[in-house]
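Here's query-v6.tsv, which has TSV, C-alpha atoms:
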chain	number	residue	atom	x	y	z
A	283	MET	CA	5.67	-23.63	-0.82
A	284	SER	CA	2.71	-23.54	-3.22
A	285	THR	CA	-0.77	-22.08	-3.27
A	286	PRO	CA	-3.90	-23.46	-4.93
A	287	ALA	CA	-3.95	-20.55	-7.40
A	288	ALA	CA	-0.24	-20.55	-8.15
A	289	PRO	CA	0.99	-22.07	-11.42
A	290	ALA	CA	3.79	-24.58	-10.98
A	291	GLU	CA	6.43	-22.19	-12.29
A	292	HIS	CA	5.75	-19.86	-9.35
A	293	HIS	CA	6.26	-22.49	-6.64
A	294	PRO	CA	10.06	-22.10	-6.36
A	295	ALA	CA	9.79	-18.31	-6.20
A	296	LEU	CA	7.12	-18.52	-3.50
A	297	GLN	CA	9.26	-20.92	-1.52
A	298	THR	CA	12.18	-18.49	-1.72
A	299	ALA	CA	9.85	-15.65	-0.70
A	300	ALA	CA	8.70	-17.62	2.34
A	301	GLU	CA	12.30	-18.24	3.35
A	302	ARG	CA	13.19	-14.55	3.07
A	303	LEU	CA	10.16	-13.54	5.10
A	304	ALA	CA	11.06	-16.16	7.72
A	305	ASP	CA	14.51	-14.58	8.03
A	306	ASN	CA	13.05	-11.08	8.28
A	307	PHE	CA	10.53	-12.07	10.97
A	308	ARG	CA	12.65	-14.60	12.82
A	309	GLY	CA	11.75	-14.53	16.50
A	310	THR	CA	8.49	-12.72	15.74
A	311	TYR	CA	6.41	-15.17	13.69
A	312	GLY	CA	6.87	-18.80	12.77
A	313	PRO	CA	6.79	-20.44	9.33
A	314	GLU	CA	3.09	-21.34	9.56
A	315	THR	CA	1.99	-17.72	10.05
A	316	ILE	CA	4.37	-16.48	7.38
A	317	GLU	CA	3.23	-19.04	4.81
A	318	ARG	CA	-0.42	-18.31	5.58
A	319	PHE	CA	0.07	-14.59	5.00
A	320	LEU	CA	2.14	-15.15	1.87
A	321	GLN	CA	-0.47	-17.50	0.42
A	322	SER	CA	-3.39	-15.18	1.08
A	323	SER	CA	-1.41	-12.20	-0.25
A	324	TYR	CA	-0.61	-14.10	-3.45
A	325	GLU	CA	-4.23	-15.12	-3.93
A	326	ASP	CA	-5.50	-11.58	-3.33
A	327	LEU	CA	-3.15	-10.18	-5.97
A	328	TYR	CA	-3.73	-13.02	-8.41
A	329	LYS	CA	-7.44	-12.17	-8.63
A	330	ASN	CA	-6.82	-8.91	-10.48
A	331	ALA	CA	-3.38	-9.40	-12.01
A	332	SER	CA	-3.12	-8.79	-15.75
A	333	VAL	CA	0.52	-9.92	-15.77
A	334	THR	CA	1.65	-12.57	-13.29
A	335	THR	CA	5.39	-12.71	-14.05
A	336	PHE	CA	6.46	-10.91	-10.88
A	337	LEU	CA	3.52	-11.93	-8.72
A	338	PRO	CA	5.55	-13.97	-6.17
A	339	LEU	CA	7.76	-10.94	-5.48
A	340	LEU	CA	4.77	-8.61	-5.15
A	341	ALA	CA	3.07	-11.12	-2.85
A	342	GLU	CA	6.21	-11.18	-0.71
A	343	ARG	CA	6.16	-7.38	-0.40
A	344	PHE	CA	2.44	-7.37	0.38
A	345	ALA	CA	2.80	-10.14	2.98
A	346	GLY	CA	5.74	-8.34	4.58
A	347	GLU	CA	3.68	-5.17	4.94
A	348	ARG	CA	0.83	-7.12	6.51
A	349	LEU	CA	3.17	-8.94	8.90
A	350	HIS	CA	4.70	-5.64	10.02
A	351	ALA	CA	1.18	-4.38	10.71
A	352	LEU	CA	0.34	-7.55	12.64
A	353	ALA	CA	3.51	-7.24	14.71
A	354	LYS	CA	2.52	-3.70	15.67
A	355	LEU	CA	-0.95	-4.88	16.69
A	356	ASP	CA	0.48	-7.75	18.72
A	357	GLY	CA	2.85	-5.41	20.54
A	358	LEU	CA	5.88	-7.16	19.05
A	359	SER	CA	7.16	-4.16	17.12
A	360	SER	CA	6.81	-0.47	17.81
A	361	ASP	CA	9.27	2.28	16.90
A	362	GLY	CA	6.99	5.24	17.64
A	363	ARG	CA	6.73	6.39	14.03
A	364	PRO	CA	3.23	7.46	12.89
A	365	THR	CA	1.63	5.08	10.40
A	366	VAL	CA	-0.71	6.37	7.69
A	367	LEU	CA	-2.92	4.23	5.46
A	368	PHE	CA	-4.26	5.73	2.22
A	369	LEU	CA	-7.38	4.14	0.77
A	370	CYS	CA	-9.23	4.69	-2.50
A	371	VAL	CA	-11.24	2.48	-4.84
A	372	HIS	CA	-8.70	0.96	-7.24
A	373	ASN	CA	-5.42	1.78	-5.42
A	374	ALA	CA	-4.19	2.86	-8.82
A	375	GLY	CA	-4.22	6.65	-8.59
A	376	ARG	CA	-4.97	8.88	-5.61
A	377	SER	CA	-3.85	6.58	-2.82
A	378	GLN	CA	-0.65	5.70	-4.70
A	379	MET	CA	0.19	9.37	-5.23
A	380	ALA	CA	-0.43	10.10	-1.55
A	381	LEU	CA	1.73	7.17	-0.49
A	382	GLY	CA	4.49	8.24	-2.86
A	383	PHE	CA	4.51	11.78	-1.47
A	384	LEU	CA	4.44	10.58	2.14
A	385	ARG	CA	7.45	8.33	1.64
A	386	HIS	CA	9.28	10.97	-0.39
A	387	LEU	CA	8.65	13.84	2.02
A	388	ALA	CA	8.86	12.00	5.34
A	389	GLY	CA	11.61	9.52	4.58
A	390	ASP	CA	12.07	7.18	7.54
A	391	ALA	CA	10.17	9.46	9.92
A	392	ALA	CA	6.77	7.93	9.08
A	393	VAL	CA	5.33	4.68	7.75
A	394	GLY	CA	2.95	4.66	4.79
A	395	TRP	CA	0.67	1.99	3.34
A	396	SER	CA	-2.08	2.03	0.72
A	397	GLY	CA	-4.95	-0.14	-0.45
A	398	GLY	CA	-8.15	-0.24	-2.45
A	399	SER	CA	-11.70	-1.49	-2.02
A	400	GLU	CA	-11.65	-2.84	-5.60
A	401	PRO	CA	-7.98	-3.02	-6.63
A	402	GLY	CA	-7.21	-2.46	-10.29
A	403	ALA	CA	-4.82	-4.38	-12.50
A	404	GLU	CA	-2.08	-1.72	-12.59
A	405	ILE	CA	-1.24	1.83	-11.56
A	406	ASN	CA	-2.56	4.52	-13.91
A	407	PRO	CA	0.33	5.30	-16.32
A	408	LEU	CA	-0.42	9.04	-16.14
A	409	VAL	CA	-0.06	8.86	-12.36
A	410	VAL	CA	3.39	7.34	-12.78
A	411	GLN	CA	4.27	10.07	-15.27
A	412	VAL	CA	3.14	13.07	-13.23
A	413	MET	CA	4.73	11.74	-10.04
A	414	LYS	CA	8.02	11.31	-11.88
A	415	GLU	CA	7.78	15.01	-12.80
A	416	ARG	CA	7.92	15.74	-9.07
A	417	GLY	CA	10.86	13.40	-8.51
A	418	VAL	CA	8.78	10.57	-7.01
A	419	ASP	CA	8.98	7.10	-8.56
A	420	VAL	CA	5.84	4.99	-8.05
A	421	SER	CA	6.46	2.72	-11.05
A	422	GLU	CA	7.21	-0.31	-8.88
A	423	GLU	CA	4.08	0.03	-6.74
A	424	PHE	CA	1.05	-2.15	-7.41
A	425	PRO	CA	-2.68	-2.12	-6.60
A	426	LYS	CA	-3.64	-4.25	-3.62
A	427	PRO	CA	-6.60	-4.57	-1.25
A	428	TRP	CA	-6.74	-3.14	2.21
A	429	THR	CA	-6.56	-5.72	5.00
A	430	ASP	CA	-7.77	-5.79	8.58
A	431	GLU	CA	-4.19	-5.72	9.88
A	432	THR	CA	-3.16	-2.60	7.98
A	433	VAL	CA	-6.32	-0.69	8.86
A	434	ARG	CA	-6.17	-1.58	12.54
A	435	ALA	CA	-2.42	-0.87	12.80
A	436	ALA	CA	-2.62	2.54	11.12
A	437	ASP	CA	-2.65	5.65	13.29
A	438	VAL	CA	-4.45	7.63	10.59
A	439	VAL	CA	-6.63	6.30	7.76
A	440	ILE	CA	-7.08	8.63	4.79
A	441	THR	CA	-10.01	7.71	2.54
A	442	MET	CA	-10.48	9.03	-0.99
A	443	GLY	CA	-13.75	8.18	-2.63
A	444	CYS	CA	-14.32	4.60	-1.50
A	445	GLY	CA	-17.46	5.55	0.45
A	446	ASP	CA	-19.23	2.77	2.32
A	447	ALA	CA	-16.68	0.25	1.03
A	448	CYS	CA	-13.98	1.82	3.20
A	449	PRO	CA	-13.41	-0.12	6.44
A	450	ILE	CA	-14.51	1.58	9.65
A	451	PHE	CA	-13.10	0.60	13.02
A	452	PRO	CA	-14.33	2.42	16.17
A	453	GLY	CA	-11.78	4.74	17.71
A	454	LYS	CA	-9.67	5.00	14.58
A	455	ARG	CA	-8.68	8.43	13.27
A	456	TYR	CA	-10.15	8.94	9.79
A	457	GLU	CA	-9.94	11.74	7.26
A	458	GLU	CA	-11.84	11.90	3.97
A	459	TRP	CA	-9.99	13.71	1.19
A	460	GLU	CA	-12.43	14.81	-1.50
A	461	LEU	CA	-10.44	14.53	-4.71
A	462	GLU	CA	-11.26	13.72	-8.31
A	463	ASP	CA	-10.36	10.24	-9.51
A	464	PRO	CA	-7.52	10.53	-12.06
A	465	ALA	CA	-8.90	7.56	-14.02
A	466	GLY	CA	-9.92	8.71	-17.50
A	467	GLN	CA	-8.67	12.26	-16.91
A	468	GLU	CA	-6.43	14.32	-19.20
A	469	LEU	CA	-2.80	14.94	-18.24
A	470	GLU	CA	-3.35	18.46	-16.88
A	471	ALA	CA	-6.21	17.28	-14.68
A	472	VAL	CA	-4.03	14.51	-13.25
A	473	ARG	CA	-1.30	17.06	-12.54
A	474	ASP	CA	-3.82	19.20	-10.66
A	475	ILE	CA	-4.93	16.20	-8.56
A	476	ARG	CA	-1.27	15.42	-7.87
A	477	ASP	CA	-0.60	18.94	-6.63
A	478	GLN	CA	-3.66	18.87	-4.36
A	479	ILE	CA	-2.49	15.58	-2.88
A	480	GLU	CA	1.01	16.88	-2.25
A	481	GLU	CA	-0.39	19.88	-0.39
A	482	ARG	CA	-2.62	17.64	1.73
A	483	VAL	CA	0.23	15.24	2.53
A	484	ARG	CA	2.45	18.12	3.63
A	485	HIS	CA	-0.33	19.40	5.90
A	486	LEU	CA	-0.86	15.91	7.32
A	487	LEU	CA	2.82	15.50	8.10
A	488	GLY	CA	2.78	18.82	9.92
A	489	ALA	CA	-0.18	17.65	12.00
A	490	LEU	CA	1.77	14.49	12.85
A	491	ASN	CA	4.83	16.54	13.86
A	492	VAL	CA	6.88	15.08	11.03
A	493	THR	CA	9.19	17.48	9.22
A	494	ALA	CA	8.71	17.24	5.47
A	495	SER	CA	11.66	17.59	3.13
A	496	SER	CA	11.58	20.55	0.77

How does this structure look as structure tokens?
Amino acid sequence: MSTPAAPAEHHPALQTAAERLADNFRGTYGPETIERFLQSSYEDLYKNASVTTFLPLLAERFAGERLHALAKLDGLSSDGRPTVLFLCVHNAGRSQMALGFLRHLAGDAAVGWSGGSEPGAEINPLVVQVMKERGVDVSEEFPKPWTDETVRAADVVITMGCGDACPIFPGKRYEEWELEDPAGQELEAVRDIRDQIEERVRHLLGALNVTASS
């Protein structure tokens, strides 16, 4: 498989990614749908990537997330777990911290996604550092845009500073978390934002009847 934006050296990796996704979604979606989602995911990430070495793998992860969301919308997959989508501007700070805490505290009891209205090139290094201090590794996460599938499939959409750029779908449950953007902040300020986000995620899990780990 190849995409118009993909350099030739990425074609084999994208082909392998398509094959893995086909195995994961066998009986749910065919190769055409899978390749379309993988291609668009690659192109979306390529737009803002500063380093493209691992882009095929990241596109595979992004496409897999979107296909899981689509399967939920199509009624082809539903396990009853609440799904939360965290949105901010660059998907490089607040939304990544919130996603990291949700996955860390809820484990397999909830599903978490994140996205940005204007995705950045990489996660804020201070965000990675302060999350590691709390035992949460977000170093392998990456900024990505929100998509119609993930917004529509989420049970709760948490917005953090993206304003009018955040997608609004009628009937969807939204919460706006007013938090400072960690971009350009000193270490202590980023730690304070982190702690506020952890508290809010714990409260959210309680509202969703999900028991958070200590």

Query raised in the report: Could you name the residues that touch segment 475-477 of chain A at 8 Å or less, counting all atoms listed in the file, but leaving out those on the same chain fewer than 4 positions away, as a PyMOL selection string?
Result: chain A and resi 376+379+412-413+461-462+464+471+481

Query raised in the report: Near segment 332-347 of chain A, counting all atoms listed in the file, which residues have an atom at most 6 Å away, once you skip same-chain residues fewer than 2 positions from it, shown as an MDAnalysis selection string?
Result: chainID A and resid 296 299 319:320 323:324 349:350 403

Query - Residue contacts of Ser377 of chain A (6 Å, all atoms listed in the file) excluding same-chain residues fewer than 6 positions away, as a ChimeraX atom specification - result: /A:368-370

Query raised in the report: If you measure from atom CA of Glu457 of chain A to atom CA of Ala436 of chain A, what distance in Å do you get, rounded to one decimal?
Result: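 Atom CA of Glu457 of chain A sits 12.4 Å away from atom CA of Ala436 of chain A.
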
Query - Interatomic distance, atom CA of Leu384 of chain A to atom CA of Leu487 of chain A (Å, one decimal) - result: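 Atom CA of Leu487 of chain A lies 7.9 Å from atom CA of Leu384 of chain A.
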
Against segment 308-315 of chain A, which residues of segment 322-419 of chain A fall within 10 Å? For each one I want the closest pair of atoms and the distance in Å (one decimal), counting all atoms listed in the file, rows by chain and increasing residue number, as a Markdown table.
| residue | atom | partner | partner_atom | distance |
| --- | --- | --- | --- | --- |
| A:Leu349 | CA | A:Tyr311 | CA | 8.5 |
| A:His350 | CA | A:Thr310 | CA | 9.9 |
| A:Leu352 | CA | A:Tyr311 | CA | 9.8 |
| A:Ala353 | CA | A:Thr310 | CA | 7.5 |
| A:Asp356 | CA | A:Thr310 | CA | 9.9 |
| A:Leu358 | CA | A:Thr310 | CA | 7.0 |
| A:Ser359 | CA | A:Thr310 | CA | 8.8 |

Query raised in the report: When distances are computed from only C-alpha atoms, which of A:Asp437, A:Asp326, A:Glu470, A:Glu415 shows the smallest separation from Gly398 of chain A?
Result: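 When distances to Gly398 of chain A are compared using only C-alpha atoms, the smallest one comes from A:Asp326.
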
Query raised in the report: Which distance in Å separates atom CA of Ile479 of chain A and atom CA of Arg363 of chain A, to one decimal?
Result: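 It comes out at 21.3 Å.
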
Query - Contact residues around Arg434 of chain A with only C-alpha atoms at 9 Å, ignoring same-chain residues under 6 positions, as a list in words - result: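 Final neighbour list, sorted by chain and number: Ala351, Leu352, Leu355, Phe451 and Lys454 of chain A.
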
Report task. Within 12 Å of Pro407 of chain A, counting only C-alpha atoms, which residues show up once you throw out same-chain ones fewer than 2 positions away? Write them as a ChimeraX atom specification, please. Result -> /A:374-375,378-379,403-405,409-414,419-424,464-469,472

Query raised in the report: Which one is closest to Val483 of chain A: A:Arg302, A:His386, A:His292, A:Lys354? Count all atoms listed in the file.
Result: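 With all atoms listed in the file as the atom set, the closest residue is A:His386.
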
Report summary line: Across A:Leu303, A:Ala380, A:Leu387, A:Leu367, the smallest distance to Ser496 of chain A, with all atoms listed in the file counted, is shown by A:Leu387

Query raised in the report: From the list A:Ala392, A:Gln478, A:Lys426, A:Gly488, which residue is nearest Lys329 of chain A when using all atoms listed in the file?
Result: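 Of A:Ala392, A:Gln478, A:Lys426, A:Gly488, the one nearest Lys329 of chain A is A:Lys426, counting all atoms listed in the file.
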